[in-house]
file coords17.pdb (PDB, C-alpha atoms)
MODEL        1
ATOM      1  CA  MET A  17      -0.250  65.485 198.573
ATOM      2  CA  SER A  18      -1.988  68.853 198.501
ATOM      3  CA  LYS A  19      -5.072  69.682 196.474
ATOM      4  CA  LYS A  20      -3.003  71.846 194.157
ATOM      5  CA  ASP A  21      -0.506  69.029 193.557
ATOM      6  CA  ILE A  22      -3.320  66.613 192.753
ATOM      7  CA  GLN A  23      -4.866  69.082 190.285
ATOM      8  CA  GLN A  24      -1.495  69.702 188.626
ATOM      9  CA  LYS A  25      -0.838  65.968 188.311
ATOM     10  CA  GLU A  26      -4.280  65.454 186.771
ATOM     11  CA  LEU A  27      -3.748  68.316 184.308
ATOM     12  CA  THR A  28      -0.298  67.036 183.336
ATOM     13  CA  SER A  29      -1.713  63.565 182.634
ATOM     14  CA  ILE A  30      -4.509  65.037 180.464
ATOM     15  CA  LEU A  31      -2.066  67.196 178.511
ATOM     16  CA  ALA A  32       0.084  64.118 177.857
ATOM     17  CA  LYS A  33      -2.851  62.236 176.282
ATOM     18  CA  ASP A  34      -4.088  62.812 172.727
ATOM     19  CA  ILE A  35      -7.160  64.714 173.949
ATOM     20  CA  GLY A  36      -4.819  67.296 175.468
ATOM     21  CA  ALA A  37      -1.772  67.219 173.224
ATOM     22  CA  LYS A  38      -3.563  66.912 169.881
ATOM     23  CA  ASN A  39      -6.833  68.678 170.633
ATOM     24  CA  ALA A  40      -8.304  70.159 167.458
ATOM     25  CA  ILE A  41     -10.119  72.947 169.294
ATOM     26  CA  PHE A  42      -8.314  73.904 172.500
ATOM     27  CA  SER A  43      -4.694  74.912 173.011
ATOM     28  CA  PRO A  44      -2.844  73.575 176.072
ATOM     29  CA  GLU A  45      -3.296  77.005 177.700
ATOM     30  CA  ALA A  46      -7.047  76.908 177.110
ATOM     31  CA  ILE A  47      -7.195  73.367 178.488
ATOM     32  CA  SER A  48      -5.359  74.574 181.599
ATOM     33  CA  GLU A  49      -7.919  77.354 182.054
ATOM     34  CA  LEU A  50     -10.809  74.926 181.537
ATOM     35  CA  HIS A  51      -9.233  72.597 184.096
ATOM     36  CA  ALA A  52      -8.989  75.415 186.632
ATOM     37  CA  LEU A  53     -12.675  76.228 186.092
ATOM     38  CA  PHE A  54     -13.664  72.579 186.227
ATOM     39  CA  SER A  55     -11.727  72.100 189.471
ATOM     40  CA  LEU A  56     -13.889  74.728 191.154
ATOM     41  CA  TYR A  57     -16.906  72.468 190.665
ATOM     42  CA  ALA A  58     -15.287  69.044 191.016
ATOM     43  CA  ASP A  59     -15.809  66.901 194.066
ATOM     44  CA  PRO A  60     -12.387  66.852 195.781
ATOM     45  CA  ARG A  61     -12.444  63.088 196.361
ATOM     46  CA  GLN A  62     -13.840  61.813 193.074
ATOM     47  CA  ARG A  63     -12.538  64.649 190.854
ATOM     48  CA  ARG A  64     -15.900  64.689 189.057
ATOM     49  CA  ALA A  65     -18.208  67.628 188.451
ATOM     50  CA  ASP A  66     -21.870  67.840 187.628
ATOM     51  CA  VAL A  67     -22.358  69.993 184.527
ATOM     52  CA  ARG A  68     -25.689  71.075 185.981
ATOM     53  CA  ASP A  69     -23.800  73.021 188.680
ATOM     54  CA  ILE A  70     -21.809  74.852 186.006
ATOM     55  CA  LEU A  71     -25.025  75.583 184.090
ATOM     56  CA  MET A  72     -26.755  76.957 187.188
ATOM     57  CA  THR A  73     -23.831  79.283 187.934
ATOM     58  CA  ALA A  74     -23.673  80.446 184.325
ATOM     59  CA  SER A  75     -27.400  81.102 184.305
ATOM     60  CA  THR A  76     -27.235  83.007 187.595
ATOM     61  CA  LEU A  77     -24.479  85.214 186.178
ATOM     62  CA  GLY A  78     -26.488  85.865 183.007
ATOM     63  CA  LEU A  79     -23.991  84.030 180.840
ATOM     64  CA  ASP A  80     -26.783  81.984 179.279
ATOM     65  CA  GLN A  81     -27.732  85.073 177.281
ATOM     66  CA  LYS A  82     -24.303  86.658 176.874
ATOM     67  CA  TYR A  83     -22.588  83.445 175.730
ATOM     68  CA  GLU A  84     -25.526  81.536 174.339
ATOM     69  CA  PHE A  85     -23.364  79.180 172.247
ATOM     70  CA  VAL A  86     -21.272  78.063 175.229
ATOM     71  CA  PHE A  87     -24.352  77.674 177.394
ATOM     72  CA  ARG A  88     -26.069  75.602 174.688
ATOM     73  CA  VAL A  89     -23.019  73.326 174.329
ATOM     74  CA  LEU A  90     -22.876  72.796 178.093
ATOM     75  CA  GLN A  91     -26.595  71.987 178.077
ATOM     76  CA  GLU A  92     -26.028  69.437 175.296
ATOM     77  CA  ILE A  93     -23.218  67.836 177.318
ATOM     78  CA  HIS A  94     -25.504  67.642 180.339
ATOM     79  CA  ASP A  95     -28.242  66.049 178.232
ATOM     80  CA  ALA A  96     -25.853  63.614 176.493
ATOM     81  CA  THR A  97     -24.475  62.357 179.801
ATOM     82  CA  ASN A  98     -27.953  62.124 181.365
ATOM     83  CA  GLY A  99     -26.821  64.426 184.143
ATOM     84  CA  SER A 100     -23.991  62.155 185.247
ATOM     85  CA  ALA A 101     -20.977  63.746 186.878
ATOM     86  CA  LEU A 102     -17.907  63.783 184.628
ATOM     87  CA  ASP A 103     -14.211  63.750 185.270
ATOM     88  CA  PHE A 104     -12.182  66.409 183.479
ATOM     89  CA  GLU A 105     -11.065  64.121 180.671
ATOM     90  CA  GLY A 106     -14.657  63.124 179.907
ATOM     91  CA  PHE A 107     -15.751  66.740 180.100
ATOM     92  CA  LEU A 108     -12.988  67.813 177.701
ATOM     93  CA  LYS A 109     -13.845  65.018 175.258
ATOM     94  CA  GLU A 110     -17.530  65.932 175.293
ATOM     95  CA  LEU A 111     -16.828  69.645 174.928
ATOM     96  CA  THR A 112     -14.408  69.108 172.047
ATOM     97  CA  ALA A 113     -16.784  66.742 170.249
ATOM     98  CA  LYS A 114     -19.737  69.132 170.549
ATOM     99  CA  ILE A 115     -17.746  72.083 169.216
ATOM    100  CA  VAL A 116     -16.327  69.994 166.355
ATOM    101  CA  ASP A 117     -19.887  68.931 165.485
ATOM    102  CA  VAL A 118     -20.999  72.563 165.335
ATOM    103  CA  ILE A 119     -18.006  73.564 163.203
ATOM    104  CA  LEU A 120     -18.525  70.654 160.799
ATOM    105  CA  PHE A 121     -22.233  71.443 160.584
ATOM    106  CA  ARG A 122     -21.417  75.039 159.638
ATOM    107  CA  VAL A 123     -18.847  73.907 157.056
ATOM    108  CA  VAL A 124     -21.312  71.479 155.484
ATOM    109  CA  LEU A 125     -24.007  74.157 155.355
ATOM    110  CA  SER A 126     -21.646  76.680 153.782
ATOM    111  CA  MET A 127     -20.491  74.064 151.257
ATOM    112  CA  LYS A 128     -24.095  73.283 150.361
ATOM    113  CA  ARG A 129     -24.781  76.980 149.911
ATOM    114  CA  ALA A 130     -21.693  77.310 147.729
ATOM    115  CA  GLU A 131     -22.710  74.264 145.654
ATOM    116  CA  ARG A 132     -26.161  75.733 145.191
ATOM    117  CA  LEU A 133     -24.700  79.032 144.051
ATOM    118  CA  ILE A 134     -22.229  77.321 141.739
ATOM    119  CA  SER A 135     -24.886  75.046 140.279
ATOM    120  CA  LEU A 136     -27.169  78.040 139.721
ATOM    121  CA  PHE A 137     -24.285  79.913 138.144
ATOM    122  CA  TRP A 138     -23.402  77.043 135.830
ATOM    123  CA  THR A 139     -27.057  76.490 134.937
ATOM    124  CA  PHE A 140     -27.344  80.156 134.143
ATOM    125  CA  ARG A 141     -24.096  80.103 132.140
ATOM    126  CA  GLU A 142     -25.218  77.068 130.154
ATOM    127  CA  ARG A 143     -28.487  78.774 129.266
ATOM    128  CA  VAL A 144     -26.655  81.895 128.190
ATOM    129  CA  SER A 145     -24.253  79.973 125.981
ATOM    130  CA  TRP A 146     -27.091  77.834 124.604
ATOM    131  CA  THR A 147     -29.225  80.874 123.697
ATOM    132  CA  SER A 148     -26.251  82.696 122.197
ATOM    133  CA  ALA A 149     -25.525  79.691 119.958
ATOM    134  CA  ILE A 150     -28.994  80.001 118.293
TER
ENDMDL
END
call {"tool": "encode", "arguments": {"input": "coords17.pdb", "output": "structure tokens"}}
result
Amino acid sequence: MSKKDIQQKELTSILAKDIGAKNAIFSPEAISELHALFSLYADPRQRRADVRDILMTASTLGLDQKYEFVFRVLQEIHDATNGSALDFEGFLKELTAKIVDVILFRVVLSMKRAERLISLFWTFRERVSWTSAI
């Protein structure tokens, strides 16, 4: 079996699982592109890649400043796995979870801001109606 056949088989198996088929963040096309990138760094025998290698390349290319969010997420994955090499499925799970966390954090913050504005508005409205009743 050729290297390309092995990579295609691995990708097909990932896309058949929930992490690939029902991914909340990445489309199947995006997962295919991530797999192609990941395969550049993966050890051909173990099919695992060290996120540190990806981080070093990104830093060398200046992507740490251009795409700070992506670089930060990759750094968090590296820290969360204690520098262990990951297979593509583990990498995809970690990446998806980190991005979902960021999105949920932003939603919660925006909801808290909205609640604060609404509560201020209603407090203000109650005072207005209370003073107009006198």
call {"tool": "residues_near_point", "arguments": {"input": "coords17.pdb", "point": "(-16.6, 72.6, 187.0)", "cutoff": "10 Å", "atoms": "all atoms listed in the file", "output": "mmCIF file with C-alpha atoms, in the frame of the given file"}}
result
data_model
loop_
_atom_site.group_PDB
_atom_site.id
_atom_site.type_symbol
_atom_site.label_atom_id
_atom_site.label_comp_id
_atom_site.auth_asym_id
_atom_site.auth_seq_id
_atom_site.Cartn_x
_atom_site.Cartn_y
_atom_site.Cartn_z
ATOM 1 C CA LEU A 50 -10.809 74.926 181.537
ATOM 2 C CA HIS A 51 -9.233 72.597 184.096
ATOM 3 C CA ALA A 52 -8.989 75.415 186.632
ATOM 4 C CA LEU A 53 -12.675 76.228 186.092
ATOM 5 C CA PHE A 54 -13.664 72.579 186.227
ATOM 6 C CA SER A 55 -11.727 72.100 189.471
ATOM 7 C CA LEU A 56 -13.889 74.728 191.154
ATOM 8 C CA TYR A 57 -16.906 72.468 190.665
ATOM 9 C CA ALA A 58 -15.287 69.044 191.016
ATOM 10 C CA ASP A 59 -15.809 66.901 194.066
ATOM 11 C CA ARG A 63 -12.538 64.649 190.854
ATOM 12 C CA ARG A 64 -15.900 64.689 189.057
ATOM 13 C CA ALA A 65 -18.208 67.628 188.451
ATOM 14 C CA ASP A 66 -21.870 67.840 187.628
ATOM 15 C CA VAL A 67 -22.358 69.993 184.527
ATOM 16 C CA ARG A 68 -25.689 71.075 185.981
ATOM 17 C CA ASP A 69 -23.800 73.021 188.680
ATOM 18 C CA ILE A 70 -21.809 74.852 186.006
ATOM 19 C CA LEU A 71 -25.025 75.583 184.090
ATOM 20 C CA THR A 73 -23.831 79.283 187.934
ATOM 21 C CA ALA A 101 -20.977 63.746 186.878
ATOM 22 C CA LEU A 102 -17.907 63.783 184.628
ATOM 23 C CA ASP A 103 -14.211 63.750 185.270
ATOM 24 C CA PHE A 104 -12.182 66.409 183.479
ATOM 25 C CA PHE A 107 -15.751 66.740 180.100
#
call {"tool": "closest_residue", "arguments": {"input": "coords17.pdb", "among": "A:Met17, A:Ile47, A:Asp117, A:Phe42", "to": "A:Ser29", "atoms": "only C-alpha atoms"}}
result
A:Ile47
call {"tool": "atom_distance", "arguments": {"input": "coords17.pdb", "atom1": "atom CA of A:Glu110", "atom2": "atom CA of A:Ala96"}}
result
8.7 Å
call {"tool": "closest_residue", "arguments": {"input": "coords17.pdb", "among": "A:Ala32, A:Ile22, A:Ala40, A:Leu27", "to": "A:Thr112", "atoms": "only C-alpha atoms"}}
result
A:Ala40
call {"tool": "closest_residue", "arguments": {"input": "coords17.pdb", "among": "A:Ala74, A:Leu31, A:Leu111, A:Leu79", "to": "A:Glu92", "atoms": "only C-alpha atoms"}}
result
A:Leu111
call {"tool": "atom_distance", "arguments": {"input": "coords17.pdb", "atom1": "atom CA of A:Gln81", "atom2": "atom CA of A:Val123"}}
result
24.8 Å
call {"tool": "closest_residue", "arguments": {"input": "coords17.pdb", "among": "A:Glu45, A:Phe87, A:Asp80, A:Gln24", "to": "A:Lys114", "atoms": "all atoms listed in the file"}}
result
A:Phe87
call {"tool": "atom_distance", "arguments": {"input": "coords17.pdb", "atom1": "atom CA of A:Gly36", "atom2": "atom CA of A:Lys19"}}
result
21.1 Å
call {"tool": "residues_around", "arguments": {"input": "coords17.pdb", "residues": "A:Asp34", "least_positions_apart": "4", "cutoff": "12 Å", "atoms": "all atoms listed in the file", "output": "PyMOL selection string"}}
result
chain A and resi 29-30+38-40+42+44+105+108-109
